[in-house]
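J.: So I've got this file, upload10.txt, and it contains compact mmCIF, C-alpha atoms and all ligand atoms:
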```txt
# COMPACT_ATOMS: atom_id res chain seq x y z
CA MET D 3 -3.14 -26.60 34.27
CA ARG D 4 -6.68 -25.29 34.25
CA LEU D 5 -5.35 -21.74 34.01
CA THR D 6 -3.28 -22.69 30.94
CA LEU D 7 -6.38 -24.13 29.35
CA LEU D 8 -8.36 -20.99 30.11
CA ILE D 9 -5.64 -18.78 28.63
CA LEU D 10 -5.54 -20.95 25.50
CA LEU D 11 -9.30 -20.74 25.17
CA LEU D 12 -9.26 -16.95 25.58
CA ALA D 13 -6.48 -16.66 23.00
CA CYS D 14 -8.68 -18.53 20.52
CA LEU D 15 -11.65 -16.26 21.18
CA LEU D 16 -9.71 -13.01 20.76
CA PRO D 17 -9.41 -11.75 17.19
CA ALA D 18 -6.01 -12.77 15.87
CA ALA D 19 -3.65 -9.90 15.10
CA ALA D 20 -3.50 -9.55 11.34
CA GLU D 21 0.09 -10.24 10.37
CA PRO D 22 1.05 -9.38 6.78
CA ARG D 23 1.13 -12.43 4.53
CA GLN D 24 4.14 -13.29 2.42
CA SER D 25 3.52 -13.47 -1.34
CA LEU D 26 6.66 -14.06 -3.39
CA VAL D 27 5.40 -12.69 -6.73
CA PRO D 28 5.67 -9.31 -8.50
CA GLY D 29 3.36 -6.91 -6.58
CA GLY D 30 3.70 -9.07 -3.46
CA LEU D 31 5.60 -9.03 -0.18
CA ALA D 32 8.68 -10.88 1.09
CA VAL D 33 8.86 -11.49 4.84
CA ILE D 34 12.46 -12.35 5.74
CA ARG D 35 13.42 -13.54 9.23
CA LEU D 36 16.48 -11.83 10.71
CA SER D 37 18.79 -13.38 13.28
CA GLN D 38 19.92 -11.57 16.42
CA ASP D 39 23.32 -10.96 14.79
CA ASP D 40 21.94 -9.45 11.59
CA PRO D 41 22.13 -5.69 11.08
CA ARG D 42 18.84 -3.75 11.23
CA ASP D 43 19.31 -1.51 8.19
CA PHE D 44 18.72 -3.62 5.08
CA ASN D 45 18.11 -2.14 1.61
CA PHE D 46 16.33 -3.49 -1.43
CA ARG D 47 17.51 -1.96 -4.72
CA GLY D 48 18.86 1.03 -2.82
CA LYS D 49 15.70 1.71 -0.78
CA PRO D 50 15.53 1.14 3.00
CA VAL D 51 13.39 -1.85 3.97
CA LEU D 52 10.84 -2.00 6.80
CA ILE D 53 12.14 -3.96 9.81
CA THR D 54 9.67 -5.01 12.51
CA GLU D 55 8.49 -8.00 14.53
CA VAL D 56 6.37 -10.55 12.66
CA ASP D 57 5.05 -13.45 14.77
CA GLY D 58 7.41 -12.29 17.51
CA ALA D 59 10.55 -12.46 15.37
CA PRO D 60 12.56 -9.56 13.87
CA SER D 61 11.79 -9.56 10.15
CA ALA D 62 12.38 -7.51 7.01
CA LEU D 63 9.23 -6.67 5.03
CA VAL D 64 10.11 -6.10 1.38
CA GLY D 65 7.70 -4.61 -1.16
CA LEU D 66 8.07 -6.38 -4.54
CA PRO D 67 7.45 -4.18 -7.61
CA LEU D 68 5.00 -5.35 -10.29
CA SER D 69 7.89 -4.97 -12.76
CA LEU D 70 10.20 -7.32 -10.78
CA LYS D 71 11.59 -10.21 -12.83
CA PRO D 72 10.94 -13.73 -11.51
CA GLY D 73 14.07 -15.38 -10.06
CA GLU D 74 16.48 -14.76 -7.21
CA HIS D 75 16.68 -11.38 -5.45
CA PHE D 76 18.25 -10.16 -2.22
CA ILE D 77 18.23 -7.48 0.42
CA GLU D 78 21.56 -6.14 1.52
CA ALA D 79 23.18 -4.36 4.46
CA ARG D 80 26.67 -3.00 5.00
CA ASN D 81 28.17 -2.96 8.45
CA GLY D 82 31.77 -1.76 8.67
CA GLY D 83 33.54 -3.58 5.84
CA GLN D 84 31.08 -6.47 5.90
CA VAL D 85 28.23 -7.02 3.43
CA TYR D 86 25.18 -9.00 4.56
CA LYS D 87 22.82 -10.48 1.96
CA LYS D 88 19.52 -12.33 2.38
CA PHE D 89 18.24 -14.10 -0.73
CA PHE D 90 14.67 -14.90 -1.74
CA ARG D 91 13.06 -16.26 -4.89
CA ILE D 92 10.23 -14.65 -6.86
CA ALA D 93 7.76 -16.72 -8.88
CA ASP D 94 6.01 -15.43 -11.99
CA LYS D 95 2.44 -14.16 -11.81
CA GLN D 96 0.22 -13.42 -14.79
CA TYR D 97 -2.23 -10.62 -14.07
CA THR D 98 -5.37 -10.47 -16.20
CA THR D 99 -6.43 -7.56 -18.38
CA GLN D 100 -9.41 -5.36 -17.52
CA HIS D 101 -11.29 -3.21 -20.06
CA ILE D 102 -12.88 -0.08 -18.61
CA THR D 103 -15.07 2.53 -20.26
CA ILE D 104 -14.76 6.06 -18.88
CA ALA D 105 -17.60 8.42 -19.88
CA ASN D 106 -15.42 11.54 -19.61
CA ASP D 107 -12.83 10.90 -22.36
CA ARG D 108 -10.69 13.80 -21.11
CA MET D 109 -9.71 11.45 -18.21
CA VAL D 110 -8.22 9.05 -20.79
CA ASN D 111 -7.05 11.53 -23.43
CA PRO D 112 -6.28 14.72 -21.47
CA TYR D 113 -6.15 18.06 -23.30
CA ALA D 114 -2.71 19.49 -24.05
CA SER D 115 -3.57 22.19 -21.50
CA ASP D 116 -3.99 19.49 -18.78
CA MET D 117 -0.45 18.17 -19.19
CA GLU D 118 1.33 20.76 -17.05
CA ARG D 119 -0.96 19.95 -14.12
CA ILE D 120 -0.68 16.18 -14.68
CA LEU D 121 3.15 16.27 -14.75
CA ALA D 122 3.35 18.42 -11.61
CA GLU D 123 1.01 16.01 -9.80
CA LYS D 124 3.01 13.01 -11.04
CA ALA D 125 6.16 14.46 -9.42
CA ARG D 126 4.32 15.06 -6.12
CA LYS D 127 2.95 11.49 -6.17
CA GLN D 128 6.38 10.01 -6.85
CA LYS D 129 7.86 11.99 -3.95
CA ALA D 130 5.06 10.87 -1.60
CA ARG D 131 5.39 7.21 -2.65
CA ASN D 132 9.12 7.29 -1.81
CA HIS D 133 8.66 9.04 1.55
CA TYR D 134 10.57 7.34 4.38
CA SER D 135 10.80 8.15 8.07
CA LYS D 136 12.26 6.19 10.99
CA ALA D 137 8.90 6.38 12.83
CA ALA D 138 7.65 3.27 14.66
CA VAL D 139 5.16 1.27 12.60
CA ASP D 140 2.06 -0.73 13.57
CA ILE D 141 1.51 -3.38 10.87
CA ASP D 142 -1.70 -4.77 12.42
CA PHE D 143 -4.04 -3.04 9.93
CA LEU D 144 -7.73 -2.18 10.09
CA THR D 145 -9.90 -2.32 6.97
CA PRO D 146 -10.32 1.32 5.86
CA VAL D 147 -13.90 0.75 4.60
CA GLU D 148 -16.19 -2.28 4.86
CA GLY D 149 -17.37 -3.44 1.44
CA ALA D 150 -16.70 -5.74 -1.50
CA ARG D 151 -13.00 -5.72 -2.43
CA SER D 152 -12.23 -5.83 -6.13
CA GLY D 153 -9.11 -8.02 -5.88
CA SER D 154 -7.98 -6.21 -9.01
CA PHE D 155 -4.50 -5.20 -7.83
CA GLY D 156 -1.98 -5.58 -10.65
CA ARG D 157 -4.52 -6.03 -13.44
CA ARG D 158 -3.44 -4.58 -16.75
CA ARG D 159 -5.91 -1.92 -17.75
CA VAL D 160 -7.31 -0.65 -21.00
CA PHE D 161 -9.31 2.58 -20.73
CA ASN D 162 -11.59 3.37 -23.70
CA GLY D 163 -9.50 1.00 -25.83
CA GLN D 164 -6.12 2.41 -24.75
CA PRO D 165 -3.60 0.52 -22.59
CA ARG D 166 -2.63 2.31 -19.37
CA ARG D 167 -0.54 1.39 -16.32
CA PRO D 168 -1.64 -1.61 -14.20
CA HIS D 169 -4.03 -1.10 -11.31
CA SER D 170 -1.83 -0.10 -8.35
CA GLY D 171 -4.28 -0.71 -5.52
CA MET D 172 -7.47 -2.23 -4.19
CA ASP D 173 -10.94 -0.86 -4.97
CA ILE D 174 -13.55 -1.20 -2.23
CA ALA D 175 -17.18 -0.69 -3.22
CA ALA D 176 -18.97 1.77 -0.89
CA ALA D 177 -21.53 4.54 -1.13
CA SER D 178 -20.45 8.17 -1.49
CA GLY D 179 -20.00 9.71 1.94
CA THR D 180 -18.90 6.48 3.69
CA PRO D 181 -16.17 7.40 6.24
CA ILE D 182 -12.65 6.10 5.52
CA ARG D 183 -10.60 4.97 8.53
CA SER D 184 -6.83 5.07 8.60
CA PRO D 185 -5.70 1.40 8.73
CA SER D 186 -2.89 2.31 11.14
CA ALA D 187 -1.35 5.33 12.84
CA GLY D 188 0.71 7.70 10.71
CA LYS D 189 1.27 11.17 9.35
CA VAL D 190 -0.38 12.97 6.40
CA ILE D 191 2.45 13.58 3.90
CA GLU D 192 0.46 14.69 0.81
CA LEU D 193 -3.11 15.60 -0.13
CA GLY D 194 -5.09 17.57 -2.69
CA ASP D 195 -7.40 17.47 -5.70
CA PHE D 196 -5.50 15.58 -8.42
CA PHE D 197 -6.46 15.15 -12.09
CA PHE D 198 -6.70 11.33 -12.23
CA SER D 199 -6.99 10.45 -8.52
CA GLY D 200 -9.50 13.17 -7.57
CA ASN D 201 -9.27 14.10 -3.89
CA LEU D 202 -6.42 12.07 -2.43
CA VAL D 203 -4.57 11.62 0.86
CA TYR D 204 -1.19 9.98 1.50
CA ILE D 205 -0.42 8.69 5.00
CA GLU D 206 3.00 7.39 6.01
CA HIS D 207 2.64 4.71 8.69
CA GLY D 208 6.41 4.67 9.37
CA GLN D 209 9.51 3.18 7.68
CA GLY D 210 8.19 3.83 4.17
CA LEU D 211 4.85 2.01 4.60
CA ILE D 212 2.36 4.31 2.87
CA SER D 213 -1.40 4.35 2.32
CA MET D 214 -2.85 6.37 -0.55
CA PHE D 215 -6.62 6.93 -0.68
CA ALA D 216 -8.15 8.29 -3.90
CA HIS D 217 -11.45 9.56 -5.40
CA LEU D 218 -12.65 11.01 -2.05
CA SER D 219 -15.72 13.25 -1.89
CA GLU D 220 -14.20 15.00 1.11
CA ILE D 221 -10.80 15.17 2.88
CA ASP D 222 -11.03 15.43 6.69
CA VAL D 223 -7.32 15.80 7.60
CA SER D 224 -4.63 18.40 6.97
CA LEU D 225 -1.07 18.20 5.66
CA GLY D 226 1.44 17.20 8.38
CA GLU D 227 -1.30 15.98 10.75
CA GLN D 228 -0.53 12.99 13.01
CA ILE D 229 -3.23 10.36 12.50
CA GLU D 230 -4.39 7.78 15.00
CA LYS D 231 -5.24 4.25 13.96
CA GLY D 232 -8.92 4.20 12.96
CA GLN D 233 -9.17 7.99 12.61
CA ILE D 234 -11.49 9.20 9.83
CA VAL D 235 -9.36 10.70 7.05
CA GLY D 236 -12.12 11.46 4.52
CA LYS D 237 -15.24 10.16 2.78
CA VAL D 238 -15.73 7.83 -0.19
CA GLY D 239 -16.54 9.63 -3.44
CA ALA D 240 -16.29 9.55 -7.23
CA THR D 241 -13.77 12.31 -8.01
CA GLY D 242 -11.13 11.87 -10.76
CA ARG D 243 -11.01 8.98 -13.26
CA VAL D 244 -13.78 6.63 -12.03
CA THR D 245 -16.81 4.75 -13.26
CA GLY D 246 -18.64 5.24 -9.93
CA PRO D 247 -18.15 5.85 -6.20
CA HIS D 248 -15.58 3.59 -4.48
CA LEU D 249 -12.46 3.80 -2.36
CA HIS D 250 -9.18 3.27 -4.16
CA TRP D 251 -6.49 2.26 -1.63
CA SER D 252 -2.87 1.86 -2.66
CA LEU D 253 -0.28 0.50 -0.24
CA GLY D 254 3.36 1.47 -0.75
CA LEU D 255 6.45 -0.16 0.73
CA ASN D 256 10.09 0.73 -0.05
CA GLY D 257 8.87 3.00 -2.85
CA THR D 258 6.72 0.45 -4.67
CA TRP D 259 2.98 -0.35 -4.70
CA ILE D 260 2.01 -3.79 -3.40
CA ASP D 261 -1.30 -5.61 -2.94
CA PRO D 262 -3.02 -4.09 0.16
CA ALA D 263 -4.91 -7.40 0.66
CA LEU D 264 -1.67 -8.88 2.08
CA PHE D 265 -2.09 -6.62 5.14
CA LEU D 266 -5.75 -7.57 5.80
CA ASP D 267 -7.43 -10.71 7.07
CA GLU D 268 -8.45 -13.03 4.25
ZN ZN X 1 -8.56 1.75 -8.13
```
Transcribe the structure of this file into structure tokens.

T.:
Amino acid sequence: MRLTLLILLLACLLPAAAEPRQSLVPGGLAVIRLSQDDPRDFNFRGKPVLITEVDGAPSALVGLPLSLKPGEHFIEARNGGQVYKKFFRIADKQYTTQHITIANDRMVNPYASDMERILAEKARKQKARNHYSKAAVDIDFLTPVEGARSGSFGRRRVFNGQPRRPHSGMDIAAASGTPIRSPSAGKVIELGDFFFSGNLVYIEHGQGLISMFAHLSEIDVSLGEQIEKGQIVGKVGATGRVTGPHLHWSLGLNGTWIDPALFLDE
């Protein structure tokens, strides 16, 4: 009896493993319990879904696009002639609008001569965002950089008076040169100096769970490198379309960007 009490006490003192939080809104995350009889290869809108243990139970983690319509949706699996469906309901979420002034107007209105580069980079980014491997995945994430988090994921953005795509990640305020830790193990699937994102790195953590870090002053990993959890991947900077030094972190799941805050402690 005393031993049980001691174990309970120790369990309370240890830092709780950060389990991803469900958020059934556009830009959020669905966590769907699977039974022992369910198949383990579900898809959402044709993309394979991450399957792992959450709170000790097999679960499907589904990234919900910002463009997803509120209402009923489902993941689906086919096994032999049988079709399995799991339904979930998405509520509406109104994201606010953010007005940003960028000193270098070329970052808002690129020259015609910039377009070839921008389109080539867009294709590389799209490919990286949709990367999927069967690798094992550790969903207990570390914070990549300590600092004030913007909470601005999903905000509609107007740069120098012109509407642009919504903010696809989290901004963390930190000084230039602050080391950036990989939140989990993974593999470097893309990197380089990009027009809007500046120096960027994509890491696939397994099963289509992807971190993208942007605006780095320095990249400290190479393409194809296997990354350990907590490994330094680069340094905070102010490259690309920014108003000052910060880390931009996007988190992708089944090909869509979701709010990275859902994978961190509150
Ligand atoms: Zn950002």

J.: Using only C-alpha atoms, which of the listed residues (D:Ser252, D:Ser219, D:Ser186, D:Thr258) sits closest to Lys231 of chain D?

T.: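 Closest residue, counting only C-alpha atoms: D:Ser186.
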
J.: One decimal, in Å: what's the spacing between atom CA of Lys189 of chain D and atom CA of Val203 of chain D?

T.: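 Distance between the two atoms: 10.3 Å.
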
J.: From the list D:Asn106, D:Asn81, D:Thr145, D:Ser135, which residue is nearest His207 of chain D when using all atoms listed in the file?

T.: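 Distance minimum relative to His207 of chain D lands on D:Ser135.
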
J.: Kindly assemble as JSON lines a list of the chain D residues that lie within 10 Å of ligand ZN 1 (chain X), each paired with its nearest atom pair and their distance in Å to one decimal, using all atoms listed in the file, sorted first by chain and then by ascending residue number.

T.:
```
{"residue": "D:Ser152", "atom": "CA", "partner": "X:ZN1", "partner_atom": "ZN", "distance": 8.7}
{"residue": "D:Ser154", "atom": "CA", "partner": "X:ZN1", "partner_atom": "ZN", "distance": 8.0}
{"residue": "D:Phe155", "atom": "CA", "partner": "X:ZN1", "partner_atom": "ZN", "distance": 8.1}
{"residue": "D:Pro168", "atom": "CA", "partner": "X:ZN1", "partner_atom": "ZN", "distance": 9.8}
{"residue": "D:His169", "atom": "CA", "partner": "X:ZN1", "partner_atom": "ZN", "distance": 6.2}
{"residue": "D:Ser170", "atom": "CA", "partner": "X:ZN1", "partner_atom": "ZN", "distance": 7.0}
{"residue": "D:Gly171", "atom": "CA", "partner": "X:ZN1", "partner_atom": "ZN", "distance": 5.6}
{"residue": "D:Met172", "atom": "CA", "partner": "X:ZN1", "partner_atom": "ZN", "distance": 5.7}
{"residue": "D:Asp173", "atom": "CA", "partner": "X:ZN1", "partner_atom": "ZN", "distance": 4.7}
{"residue": "D:Ile174", "atom": "CA", "partner": "X:ZN1", "partner_atom": "ZN", "distance": 8.3}
{"residue": "D:Ser199", "atom": "CA", "partner": "X:ZN1", "partner_atom": "ZN", "distance": 8.8}
{"residue": "D:Phe215", "atom": "CA", "partner": "X:ZN1", "partner_atom": "ZN", "distance": 9.3}
{"residue": "D:Ala216", "atom": "CA", "partner": "X:ZN1", "partner_atom": "ZN", "distance": 7.8}
{"residue": "D:His217", "atom": "CA", "partner": "X:ZN1", "partner_atom": "ZN", "distance": 8.8}
{"residue": "D:Arg243", "atom": "CA", "partner": "X:ZN1", "partner_atom": "ZN", "distance": 9.2}
{"residue": "D:Val244", "atom": "CA", "partner": "X:ZN1", "partner_atom": "ZN", "distance": 8.1}
{"residue": "D:His248", "atom": "CA", "partner": "X:ZN1", "partner_atom": "ZN", "distance": 8.1}
{"residue": "D:Leu249", "atom": "CA", "partner": "X:ZN1", "partner_atom": "ZN", "distance": 7.3}
{"residue": "D:His250", "atom": "CA", "partner": "X:ZN1", "partner_atom": "ZN", "distance": 4.3}
{"residue": "D:Trp251", "atom": "CA", "partner": "X:ZN1", "partner_atom": "ZN", "distance": 6.8}
{"residue": "D:Ser252", "atom": "CA", "partner": "X:ZN1", "partner_atom": "ZN", "distance": 7.9}
```

J.: One decimal, in Å: what's the spacing between atom CA of Glu118 of chain D and atom CA of Asp195 of chain D?

T.: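 Spanning atom CA of Glu118 of chain D to atom CA of Asp195 of chain D is a straight-line distance of 14.7 Å.
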
J.: Pick out the residues sitting within 9 Å of Ser184 of chain D, and hand them over as a count of residues only; count all atoms listed in the file, and ignore anything fewer than 2 positions along from it in its own chain.

T.: 17

J.: Grab the atom CA of Ile260 of chain D to atom CA of Gly226 of chain D distance for me, in Å with one decimal place.

T.: 24.1 Å

J.: Which is closer to Gln24 of chain D than all the others in D:Gly65, D:Gly254, D:Gly58, D:Gly48, using only C-alpha atoms?

T.: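 Answer, going by the shortest atom-to-atom distance: D:Gly65.
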
J.: Name all residues at most 7 Å from segment 94-103 of chain D (count all atoms listed in the file; drop same-chain ones fewer than 4 positions away) and give them as a PDB file with C-alpha atoms, keeping the file's coordinate frame.

T.:
```pdb
ATOM      1  CA  VAL D  27       5.400 -12.690  -6.730  1.00  0.00           C
ATOM      2  CA  PRO D  28       5.670  -9.310  -8.500  1.00  0.00           C
ATOM      3  CA  PRO D  72      10.940 -13.730 -11.510  1.00  0.00           C
ATOM      4  CA  GLY D 156      -1.980  -5.580 -10.650  1.00  0.00           C
ATOM      5  CA  ARG D 157      -4.520  -6.030 -13.440  1.00  0.00           C
ATOM      6  CA  ARG D 158      -3.440  -4.580 -16.750  1.00  0.00           C
ATOM      7  CA  ARG D 159      -5.910  -1.920 -17.750  1.00  0.00           C
ATOM      8  CA  VAL D 160      -7.310  -0.650 -21.000  1.00  0.00           C
ATOM      9  CA  PHE D 161      -9.310   2.580 -20.730  1.00  0.00           C
ATOM     10  CA  ASN D 162     -11.590   3.370 -23.700  1.00  0.00           C
TER      11      ASN D 162
END
```

J.: Compare D:Ile221, D:Leu66, D:Ala137, D:Leu202 by their minimum atom-to-atom distance to Glu123 of chain D, counting only C-alpha atoms, and give me the closest one.

T.: D:Leu202

J.: Extract, using all atoms listed in the file, all DNA, RNA and protein residues at most 7 Å from His75 of chain D, discarding same-chain residues fewer than 3 positions from it, and format them as a list in words.

T.: Phe89, Phe90 and Arg91 of chain D

J.: From the set D:Asp261, D:Leu225, D:Phe198, D:Leu266, which residue has the shortest atom-to-atom contact distance to Arg119 of chain D, counting all atoms listed in the file?

T.: D:Phe198

J.: Of the candidates D:Leu63, D:Val223, D:Ile53, D:Ile120, which one gets nearest to Leu264 of chain D if we count all atoms listed in the file?

T.: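 Of D:Leu63, D:Val223, D:Ile53, D:Ile120, the one nearest Leu264 of chain D is D:Leu63, counting all atoms listed in the file.
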
J.: Determine, counting all atoms listed in the file, which protein, DNA and RNA residues have an atom within 10 Å of an atom of Pro22 of chain D; residues of the same chain fewer than 2 positions away are not included. Present the result as a count of residues only.

T.: 19

J.: Show me, as a list in words, the residues that have an atom within 10 Å of segment 83-88 of chain D when counting only C-alpha atoms, minus same-chain residues fewer than 6 positions from it.

T.: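 Listed by chain and then number, they are Ile34, Arg35, Leu36, Asp40, Pro41, Phe44, Asn45, Ala62, His75, Phe76 and Ile77 of chain D.
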